[in-house]
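Right, one structure below, let's go through it.
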Amino acid sequence: MDYFQAIIIGIIEGFTEFLPISSTGHMIVAEHYLGIAQSDLTKAYDVIIQFAAILAVMLIYREKISFKKIVLWEKLLVAFLPLGVIGFLLRHQIKALFSVQVVAWMFIIGGVVFLIVEHFYDEEAKERVQDVEQVSWMQAVAVGFAQVFALIPGTSRAGATIIGGLLAGLDRKTSAEFSFLLAIPVMAAVSGYDLLKHYHAFAHAQWGPYLVGFVVAFVVAWITIKLFLAFLSRFTFVPFGIYRILFGAFLLWSMGN
């Protein structure tokens, strides 16, 4: 992987990881068009930039990472368990789904779901949770099971958890923040598992592009999270639903030409 490829993939990871538009889906498509073959070195690079994204979340929400917030983290752990267990048990079957066609269809389906949920969303509902620390145990469980759908490439972990949060009674901002925090144990587990599988690849890695990609992914992720929260204070998830449908349709069209 050269510097140009590393920067492009780093930008895509940082920008898409916490938005409801599927980072995995965009990475599969980007690597396909950039001519990056899947290998242990590619996996090693993915691990590095995922850690960069985790670091960005931890920096922004550093006040939430303490023993004083232990109840919140217990709920996040409960929300993580369905994905962790099912993802581990079905890891081989999930790999078979990694294709541009699957990504395209899941983009479209996810976009339609966002539009439907937003259509019925009651912004004035007083019972909606407006503080991430007030998320109940049952709501955490609901978000956790919604996150399982993210095992299908193109679904989007952020998208699945945000939809789960909205349906469980969280407001838009709280759904997004719970999704951000939930990304820490999820991505740490996934990246840690990949690191153990591909640690030998680091001995042959070109550290220049990897380090540049790490910095790019961190900076872009930090900026994206800040802008996303500002966006949600004024707008809905409808633009993301429309984008998903259009991007999925474009992928299907491009495969047919």
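Every chain in the structure tokens takes a letter, A first, then B, and so on in the order presented; its residues are numbered from 1, and the ligands are numbered from 1 following the presented order.
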Handout entry: Residues within 10 Å of stretch 207-222 of chain A, only C-alpha atoms, excluding chain neighbours under 3 positions, as JSON, numbers by chain
Key = {"A": [1, 2, 3, 4, 5, 6, 7, 8, 9, 10, 11, 12, 13, 14, 15, 16, 17, 18, 19, 44, 45, 46, 47, 48, 49, 50, 51, 52, 53, 54, 55, 56, 57, 58, 59, 60, 202, 203, 204, 225, 226, 227]}
Handout entry: 7 Å contact set for A:Ala168, only C-alpha atoms, chain neighbours under 3 positions out, as a ChimeraX atom specification
Key = /A:139,142,164-165
Handout entry: Pick from A:Phe80, A:Trp105, A:Tyr193, A:Phe145 nearest to A:Leu251, counting only C-alpha atoms
Key =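 Between A:Phe80, A:Trp105, A:Tyr193, A:Phe145, the residue approaching A:Leu251 most closely is A:Trp105.
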Exercise for the section: From stretch 50-242 of chain A, collect each residue whose DSSP state is alpha helix (DSSP H) and return the set as a VMD selection string. Expected result: chain A and resid 50 to 60 70 to 89 91 to 95 100 to 120 137 to 147 157 to 168 172 to 198 207 to 232 238 to 242
Problem - Polymer residues at most 7 Å from stretch 171-186 of chain A, only C-alpha atoms, same-chain spacing of 2 or more positions, as a ChimeraX atom specification - result: /A:18,54,57,76,80,128-132,158,161-162,165-166,169,188-190,229,232
Exercise for the section: For each of A:Ala230, A:Ile242, A:Val29, A:Leu72, take the minimum atom-to-atom distance to A:Ser136, counting only C-alpha atoms, then give the residue where this is smallest. Expected result: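 For A:Ser136, the nearest of the given residues is A:Leu72.
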Practice task
Rank A:Gly241, A:Gly25, A:Pro82, A:Gly35 by their smallest atom-to-atom distance to A:Val102, using only C-alpha atoms, and report the top residue only.
Solution key: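 Residue with the minimum atom-to-atom distance to A:Val102: A:Gly25.
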